[in-house]
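**Student:** File upload11.pdb below, PDB, C-alpha atoms, pLDDT in the B column:
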MODEL        1
ATOM      1  CA  MET A   1     -25.514 -28.631 -26.886  1.00 43.00           C
ATOM      2  CA  ARG A   2     -23.196 -27.117 -24.340  1.00 44.00           C
ATOM      3  CA  SER A   3     -23.335 -28.399 -20.779  1.00 46.00           C
ATOM      4  CA  ALA A   4     -24.118 -25.893 -18.045  1.00 49.00           C
ATOM      5  CA  HIS A   5     -21.920 -27.882 -15.651  1.00 48.00           C
ATOM      6  CA  ARG A   6     -18.361 -26.610 -15.262  1.00 49.00           C
ATOM      7  CA  GLU A   7     -15.647 -28.344 -13.326  1.00 52.00           C
ATOM      8  CA  ALA A   8     -13.169 -26.534 -11.093  1.00 51.00           C
ATOM      9  CA  SER A   9     -10.012 -25.200 -12.670  1.00 53.00           C
ATOM     10  CA  ARG A  10      -7.971 -28.308 -13.381  1.00 53.00           C
ATOM     11  CA  CYS A  11      -4.626 -26.683 -12.733  1.00 56.00           C
ATOM     12  CA  TYR A  12      -5.083 -27.215  -8.978  1.00 52.00           C
ATOM     13  CA  LEU A  13      -7.040 -30.465  -8.853  1.00 52.00           C
ATOM     14  CA  GLY A  14      -5.593 -33.710  -7.600  1.00 56.00           C
ATOM     15  CA  SER A  15      -1.908 -34.113  -6.995  1.00 58.00           C
ATOM     16  CA  ARG A  16      -0.716 -30.865  -8.636  1.00 60.00           C
ATOM     17  CA  ASP A  17      -1.692 -28.732  -5.654  1.00 61.00           C
ATOM     18  CA  GLY A  18      -0.152 -31.337  -3.362  1.00 65.00           C
ATOM     19  CA  ARG A  19       3.079 -31.290  -5.345  1.00 62.00           C
ATOM     20  CA  LEU A  20       3.223 -27.498  -5.276  1.00 62.00           C
ATOM     21  CA  ARG A  21       2.669 -27.426  -1.523  1.00 63.00           C
ATOM     22  CA  GLY A  22       4.196 -30.699  -0.381  1.00 60.00           C
ATOM     23  CA  SER A  23       7.746 -30.813  -1.618  1.00 53.00           C
ATOM     24  CA  THR A  24      10.091 -29.585   1.086  1.00 54.00           C
ATOM     25  CA  GLU A  25      12.696 -28.562  -1.460  1.00 60.00           C
ATOM     26  CA  HIS A  26      10.193 -26.767  -3.720  1.00 66.00           C
ATOM     27  CA  ARG A  27       7.652 -25.124  -1.442  1.00 76.00           C
ATOM     28  CA  ILE A  28       5.750 -23.027  -3.910  1.00 82.00           C
ATOM     29  CA  ARG A  29       4.066 -20.039  -2.316  1.00 87.00           C
ATOM     30  CA  GLN A  30       3.831 -17.650  -5.242  1.00 91.00           C
ATOM     31  CA  ILE A  31       2.385 -18.196  -8.698  1.00 92.00           C
ATOM     32  CA  VAL A  32       2.882 -15.717 -11.554  1.00 96.00           C
ATOM     33  CA  LEU A  33       0.250 -16.132 -14.268  1.00 96.00           C
ATOM     34  CA  ALA A  34       0.421 -15.240 -17.934  1.00 96.00           C
ATOM     35  CA  GLY A  35      -1.657 -16.427 -20.839  1.00 95.00           C
ATOM     36  CA  ILE A  36      -4.839 -16.299 -22.823  1.00 94.00           C
ATOM     37  CA  GLN A  37      -7.794 -15.556 -22.132  1.00 95.00           C
ATOM     38  CA  THR A  38      -7.493 -12.852 -19.479  1.00 96.00           C
ATOM     39  CA  ASN A  39     -11.137 -12.693 -18.428  1.00 96.00           C
ATOM     40  CA  MET A  40     -11.715 -16.441 -18.515  1.00 95.00           C
ATOM     41  CA  CYS A  41      -8.804 -18.815 -17.918  1.00 93.00           C
ATOM     42  CA  VAL A  42      -6.346 -16.406 -16.301  1.00 95.00           C
ATOM     43  CA  GLU A  43      -8.965 -14.889 -13.993  1.00 96.00           C
ATOM     44  CA  THR A  44     -10.335 -18.296 -12.976  1.00 93.00           C
ATOM     45  CA  THR A  45      -6.878 -19.691 -12.275  1.00 91.00           C
ATOM     46  CA  ALA A  46      -5.964 -16.606 -10.235  1.00 94.00           C
ATOM     47  CA  ARG A  47      -9.170 -16.803  -8.200  1.00 94.00           C
ATOM     48  CA  VAL A  48      -8.697 -20.480  -7.376  1.00 88.00           C
ATOM     49  CA  GLY A  49      -5.021 -19.946  -6.533  1.00 89.00           C
ATOM     50  CA  GLY A  50      -5.896 -17.030  -4.274  1.00 92.00           C
ATOM     51  CA  ASN A  51      -8.594 -19.063  -2.554  1.00 89.00           C
ATOM     52  CA  LEU A  52      -6.065 -21.852  -1.941  1.00 86.00           C
ATOM     53  CA  GLY A  53      -3.707 -19.395  -0.261  1.00 88.00           C
ATOM     54  CA  TYR A  54      -1.110 -18.857  -2.963  1.00 90.00           C
ATOM     55  CA  ASP A  55       0.391 -15.410  -3.496  1.00 94.00           C
ATOM     56  CA  VAL A  56      -0.899 -14.918  -7.032  1.00 96.00           C
ATOM     57  CA  VAL A  57       0.667 -12.280  -9.280  1.00 98.00           C
ATOM     58  CA  VAL A  58      -0.831 -11.346 -12.647  1.00 98.00           C
ATOM     59  CA  PRO A  59       1.281  -9.145 -14.931  1.00 98.00           C
ATOM     60  CA  LEU A  60      -1.666  -7.931 -16.975  1.00 98.00           C
ATOM     61  CA  ASP A  61       0.472  -7.084 -20.009  1.00 98.00           C
ATOM     62  CA  ALA A  62       1.439 -10.789 -20.186  1.00 98.00           C
ATOM     63  CA  THR A  63      -2.182 -11.781 -20.799  1.00 98.00           C
ATOM     64  CA  ARG A  64      -4.483 -11.378 -23.773  1.00 98.00           C
ATOM     65  CA  THR A  65      -8.185 -11.600 -24.440  1.00 97.00           C
ATOM     66  CA  PHE A  66     -10.650 -10.993 -27.240  1.00 96.00           C
ATOM     67  CA  GLU A  67     -13.819  -8.958 -27.568  1.00 97.00           C
ATOM     68  CA  LEU A  68     -16.936 -10.637 -26.225  1.00 96.00           C
ATOM     69  CA  ARG A  69     -20.483 -10.258 -27.508  1.00 97.00           C
ATOM     70  CA  SER A  70     -23.240 -10.829 -24.981  1.00 96.00           C
ATOM     71  CA  GLY A  71     -26.777  -9.531 -24.544  1.00 96.00           C
ATOM     72  CA  GLY A  72     -26.599  -7.477 -27.716  1.00 97.00           C
ATOM     73  CA  ARG A  73     -23.489  -5.642 -26.528  1.00 97.00           C
ATOM     74  CA  THR A  74     -19.840  -5.973 -27.512  1.00 98.00           C
ATOM     75  CA  PHE A  75     -17.215  -5.668 -24.788  1.00 98.00           C
ATOM     76  CA  SER A  76     -13.734  -4.740 -26.017  1.00 98.00           C
ATOM     77  CA  ALA A  77     -10.630  -6.662 -25.009  1.00 98.00           C
ATOM     78  CA  ASP A  78      -9.426  -3.586 -23.109  1.00 97.00           C
ATOM     79  CA  GLU A  79     -12.692  -3.383 -21.146  1.00 98.00           C
ATOM     80  CA  LEU A  80     -12.546  -7.067 -20.252  1.00 98.00           C
ATOM     81  CA  SER A  81      -8.904  -6.816 -19.137  1.00 98.00           C
ATOM     82  CA  ALA A  82      -9.674  -3.769 -16.984  1.00 98.00           C
ATOM     83  CA  VAL A  83     -12.593  -5.510 -15.295  1.00 97.00           C
ATOM     84  CA  THR A  84     -10.485  -8.612 -14.667  1.00 98.00           C
ATOM     85  CA  ALA A  85      -7.772  -6.454 -13.082  1.00 98.00           C
ATOM     86  CA  ALA A  86     -10.374  -4.848 -10.803  1.00 98.00           C
ATOM     87  CA  ASN A  87     -11.959  -8.193  -9.908  1.00 97.00           C
ATOM     88  CA  LEU A  88      -8.636  -9.760  -8.975  1.00 98.00           C
ATOM     89  CA  SER A  89      -7.073  -6.862  -7.103  1.00 97.00           C
ATOM     90  CA  GLU A  90     -10.151  -5.502  -5.350  1.00 96.00           C
ATOM     91  CA  GLY A  91     -11.398  -9.016  -4.606  1.00 95.00           C
ATOM     92  CA  GLY A  92      -8.119  -9.902  -2.912  1.00 96.00           C
ATOM     93  CA  PHE A  93      -7.386 -12.821  -5.238  1.00 96.00           C
ATOM     94  CA  ALA A  94      -4.185 -11.533  -6.836  1.00 97.00           C
ATOM     95  CA  ARG A  95      -1.766  -8.657  -7.193  1.00 98.00           C
ATOM     96  CA  VAL A  96      -2.114  -7.146 -10.641  1.00 98.00           C
ATOM     97  CA  THR A  97       1.067  -5.603 -11.989  1.00 98.00           C
ATOM     98  CA  ASP A  98       3.151  -5.495 -15.184  1.00 98.00           C
ATOM     99  CA  THR A  99       5.896  -7.724 -16.552  1.00 98.00           C
ATOM    100  CA  GLU A 100       8.665  -5.224 -15.897  1.00 98.00           C
ATOM    101  CA  SER A 101       7.804  -5.120 -12.183  1.00 97.00           C
ATOM    102  CA  VAL A 102       7.768  -8.916 -11.964  1.00 97.00           C
ATOM    103  CA  LEU A 103      11.187  -9.164 -13.618  1.00 96.00           C
ATOM    104  CA  LYS A 104      12.652  -6.559 -11.262  1.00 96.00           C
ATOM    105  CA  ALA A 105      11.362  -8.335  -8.142  1.00 90.00           C
TER     106      ALA A 105
ENDMDL
END
Written as structure tokens, how would this file's structure read?
**Tutor:**
Amino acid sequence: MRSAHREASRCYLGSRDGRLRGSTEHRIRQIVLAGIQTNMCVETTARVGGNLGYDVVVPLDATRTFELRSGGRTFSADELSAVTAANLSEGGFARVTDTESVLKA
């Protein structure tokens, strides 16, 4: 049986956030995220990072997801990615862009 309890995104817990913020020679202010699964792990990490005050950038073409079946409906990977982009940008959690723009910056 799956537990209904979920812990916070572990990428920021404990000393990691302190190391990102605390080092005077490596003051990290911006985080660029890429990975799998766009609508789960990437979105959660971006939301937590945004809430902690990081400038979070998500090049959407550097993420991937899979279709999701729920409530008798199937949501395509493209639909899920589009909703994640809207959630992050309109919610003020992250700037959603593409890889080419990140590399040019």
**Student:** With the file shown as input, list the residues that the PyMOL selection byres ((chain A and resi 45) around 12) selects, as a PyMOL selection string.
**Tutor:** chain A and resi 8-13+31-44+46-52+54+56-58+84+88+93-94
**Student:** Written as a PyMOL selection string, what is the full residue list that the PyMOL selection byres ((chain A and resi 101) around 12) yields on the file shown?
**Tutor:** chain A and resi 32+57-62+95-100+102-105
**Student:** Write a file of the just-selected residues containing C-alpha atoms, as a PDB file, in the frame of the given file.
**Tutor:**
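As a result, selection20.pdb now contains:
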ATOM      1  CA  VAL A  32       2.882 -15.717 -11.554  1.00 96.00           C
ATOM      2  CA  VAL A  57       0.667 -12.280  -9.280  1.00 98.00           C
ATOM      3  CA  VAL A  58      -0.831 -11.346 -12.647  1.00 98.00           C
ATOM      4  CA  PRO A  59       1.281  -9.145 -14.931  1.00 98.00           C
ATOM      5  CA  LEU A  60      -1.666  -7.931 -16.975  1.00 98.00           C
ATOM      6  CA  ASP A  61       0.472  -7.084 -20.009  1.00 98.00           C
ATOM      7  CA  ALA A  62       1.439 -10.789 -20.186  1.00 98.00           C
ATOM      8  CA  ARG A  95      -1.766  -8.657  -7.193  1.00 98.00           C
ATOM      9  CA  VAL A  96      -2.114  -7.146 -10.641  1.00 98.00           C
ATOM     10  CA  THR A  97       1.067  -5.603 -11.989  1.00 98.00           C
ATOM     11  CA  ASP A  98       3.151  -5.495 -15.184  1.00 98.00           C
ATOM     12  CA  THR A  99       5.896  -7.724 -16.552  1.00 98.00           C
ATOM     13  CA  GLU A 100       8.665  -5.224 -15.897  1.00 98.00           C
ATOM     14  CA  VAL A 102       7.768  -8.916 -11.964  1.00 97.00           C
ATOM     15  CA  LEU A 103      11.187  -9.164 -13.618  1.00 96.00           C
ATOM     16  CA  LYS A 104      12.652  -6.559 -11.262  1.00 96.00           C
ATOM     17  CA  ALA A 105      11.362  -8.335  -8.142  1.00 90.00           C
TER      18      ALA A 105
END
**Student:** Can you list, as a list in words, the residues that the PyMOL selection byres ((chain A and resi 75-77) around 12) selects here?
**Tutor:**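 Applied to this file, the PyMOL selection byres ((chain A and resi 75-77) around 12) returns Ile36, Gln37, Thr38, Asn39, Met40, Thr63, Arg64, Thr65, Phe66, Glu67, Leu68, Arg69, Ser70, Gly71, Gly72, Arg73, Thr74, Asp78, Glu79, Leu80, Ser81, Ala82, Val83 and Thr84 of chain A.
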**Student:** Taking all atoms of region 87-97 of chain A that the file lists and extending 6 Å past them on each side, where is the centre of the axis-aligned box and how long are its edges? Answer in Å to one decimal, as lines of an AutoDock Vina configuration file.
**Tutor:**
center_x = -5.4
center_y = -9.2
center_z = -7.5
size_x = 25.0
size_y = 19.3
size_z = 21.1
**Student:** With the input short on atoms, add N, CA and C atoms back to region 57-89 of chain A and write it as an mmCIF file, in the coordinates of the input.
**Tutor:**
data_model
loop_
_atom_site.group_PDB
_atom_site.id
_atom_site.type_symbol
_atom_site.label_atom_id
_atom_site.label_comp_id
_atom_site.auth_asym_id
_atom_site.auth_seq_id
_atom_site.Cartn_x
_atom_site.Cartn_y
_atom_site.Cartn_z
ATOM 1 N N VAL A 57 0.266 -13.514 -8.616
ATOM 2 C CA VAL A 57 0.667 -12.280 -9.280
ATOM 3 C C VAL A 57 0.265 -12.391 -10.749
ATOM 4 N N VAL A 58 -0.415 -11.356 -11.242
ATOM 5 C CA VAL A 58 -0.831 -11.346 -12.647
ATOM 6 C C VAL A 58 -0.262 -10.101 -13.320
ATOM 7 N N PRO A 59 0.814 -10.272 -14.121
ATOM 8 C CA PRO A 59 1.281 -9.145 -14.931
ATOM 9 C C PRO A 59 0.317 -9.005 -16.116
ATOM 10 N N LEU A 60 -0.558 -8.042 -16.020
ATOM 11 C CA LEU A 60 -1.666 -7.931 -16.975
ATOM 12 C C LEU A 60 -1.196 -7.820 -18.424
ATOM 13 N N ASP A 61 -0.030 -7.209 -18.634
ATOM 14 C CA ASP A 61 0.472 -7.084 -20.009
ATOM 15 C C ASP A 61 1.001 -8.406 -20.558
ATOM 16 N N ALA A 62 1.032 -9.453 -19.738
ATOM 17 C CA ALA A 62 1.439 -10.789 -20.186
ATOM 18 C C ALA A 62 0.218 -11.682 -20.406
ATOM 19 N N THR A 63 -0.951 -11.047 -20.507
ATOM 20 C CA THR A 63 -2.182 -11.781 -20.799
ATOM 21 C C THR A 63 -2.847 -11.151 -22.017
ATOM 22 N N ARG A 64 -3.735 -11.896 -22.623
ATOM 23 C CA ARG A 64 -4.483 -11.378 -23.773
ATOM 24 C C ARG A 64 -5.907 -11.916 -23.718
ATOM 25 N N THR A 65 -6.811 -11.148 -24.292
ATOM 26 C CA THR A 65 -8.185 -11.600 -24.440
ATOM 27 C C THR A 65 -8.748 -11.069 -25.748
ATOM 28 N N PHE A 66 -9.991 -11.361 -25.986
ATOM 29 C CA PHE A 66 -10.650 -10.993 -27.240
ATOM 30 C C PHE A 66 -11.976 -10.336 -26.902
ATOM 31 N N GLU A 67 -12.514 -9.567 -27.831
ATOM 32 C CA GLU A 67 -13.819 -8.958 -27.568
ATOM 33 C C GLU A 67 -14.853 -10.059 -27.332
ATOM 34 N N LEU A 68 -15.886 -9.683 -26.593
ATOM 35 C CA LEU A 68 -16.936 -10.637 -26.225
ATOM 36 C C LEU A 68 -18.290 -10.006 -26.513
ATOM 37 N N ARG A 69 -19.128 -10.734 -27.225
ATOM 38 C CA ARG A 69 -20.483 -10.258 -27.508
ATOM 39 C C ARG A 69 -21.448 -10.998 -26.597
ATOM 40 N N SER A 70 -22.266 -10.227 -25.886
ATOM 41 C CA SER A 70 -23.240 -10.829 -24.981
ATOM 42 C C SER A 70 -24.386 -9.857 -24.773
ATOM 43 N N GLY A 71 -25.614 -10.364 -24.791
ATOM 44 C CA GLY A 71 -26.777 -9.531 -24.544
ATOM 45 C C GLY A 71 -26.916 -8.364 -25.493
ATOM 46 N N GLY A 72 -26.500 -8.543 -26.732
ATOM 47 C CA GLY A 72 -26.599 -7.477 -27.716
ATOM 48 C C GLY A 72 -25.538 -6.402 -27.587
ATOM 49 N N ARG A 73 -24.555 -6.629 -26.735
ATOM 50 C CA ARG A 73 -23.489 -5.642 -26.528
ATOM 51 C C ARG A 73 -22.142 -6.293 -26.832
ATOM 52 N N THR A 74 -21.199 -5.498 -27.278
ATOM 53 C CA THR A 74 -19.840 -5.973 -27.512
ATOM 54 C C THR A 74 -18.916 -5.320 -26.495
ATOM 55 N N PHE A 75 -18.186 -6.143 -25.770
ATOM 56 C CA PHE A 75 -17.215 -5.668 -24.788
ATOM 57 C C PHE A 75 -15.831 -5.798 -25.413
ATOM 58 N N SER A 76 -15.064 -4.714 -25.408
ATOM 59 C CA SER A 76 -13.734 -4.740 -26.017
ATOM 60 C C SER A 76 -12.759 -5.534 -25.142
ATOM 61 N N ALA A 77 -11.682 -5.960 -25.748
ATOM 62 C CA ALA A 77 -10.630 -6.662 -25.009
ATOM 63 C C ALA A 77 -10.083 -5.788 -23.881
ATOM 64 N N ASP A 78 -9.926 -4.499 -24.144
ATOM 65 C CA ASP A 78 -9.426 -3.586 -23.109
ATOM 66 C C ASP A 78 -10.389 -3.490 -21.930
ATOM 67 N N GLU A 79 -11.691 -3.423 -22.225
ATOM 68 C CA GLU A 79 -12.692 -3.383 -21.146
ATOM 69 C C GLU A 79 -12.634 -4.653 -20.306
ATOM 70 N N LEU A 80 -12.571 -5.791 -20.964
ATOM 71 C CA LEU A 80 -12.546 -7.067 -20.252
ATOM 72 C C LEU A 80 -11.292 -7.199 -19.391
ATOM 73 N N SER A 81 -10.148 -6.768 -19.911
ATOM 74 C CA SER A 81 -8.904 -6.816 -19.137
ATOM 75 C C SER A 81 -8.982 -5.900 -17.923
ATOM 76 N N ALA A 82 -9.549 -4.713 -18.103
ATOM 77 C CA ALA A 82 -9.674 -3.769 -16.984
ATOM 78 C C ALA A 82 -10.586 -4.316 -15.892
ATOM 79 N N VAL A 83 -11.678 -4.934 -16.284
ATOM 80 C CA VAL A 83 -12.593 -5.510 -15.295
ATOM 81 C C VAL A 83 -11.937 -6.683 -14.577
ATOM 82 N N THR A 84 -11.209 -7.511 -15.307
ATOM 83 C CA THR A 84 -10.485 -8.612 -14.667
ATOM 84 C C THR A 84 -9.486 -8.080 -13.648
ATOM 85 N N ALA A 85 -8.736 -7.046 -14.015
ATOM 86 C CA ALA A 85 -7.772 -6.454 -13.082
ATOM 87 C C ALA A 85 -8.473 -5.976 -11.815
ATOM 88 N N ALA A 86 -9.615 -5.327 -11.967
ATOM 89 C CA ALA A 86 -10.374 -4.848 -10.803
ATOM 90 C C ALA A 86 -10.895 -6.019 -9.975
ATOM 91 N N ASN A 87 -11.447 -7.026 -10.632
ATOM 92 C CA ASN A 87 -11.959 -8.193 -9.908
ATOM 93 C C ASN A 87 -10.878 -8.850 -9.077
ATOM 94 N N LEU A 88 -9.710 -9.050 -9.669
ATOM 95 C CA LEU A 88 -8.636 -9.760 -8.975
ATOM 96 C C LEU A 88 -8.019 -8.934 -7.856
ATOM 97 N N SER A 89 -7.745 -7.672 -8.128
ATOM 98 C CA SER A 89 -7.073 -6.862 -7.103
ATOM 99 C C SER A 89 -8.032 -6.439 -6.001
#
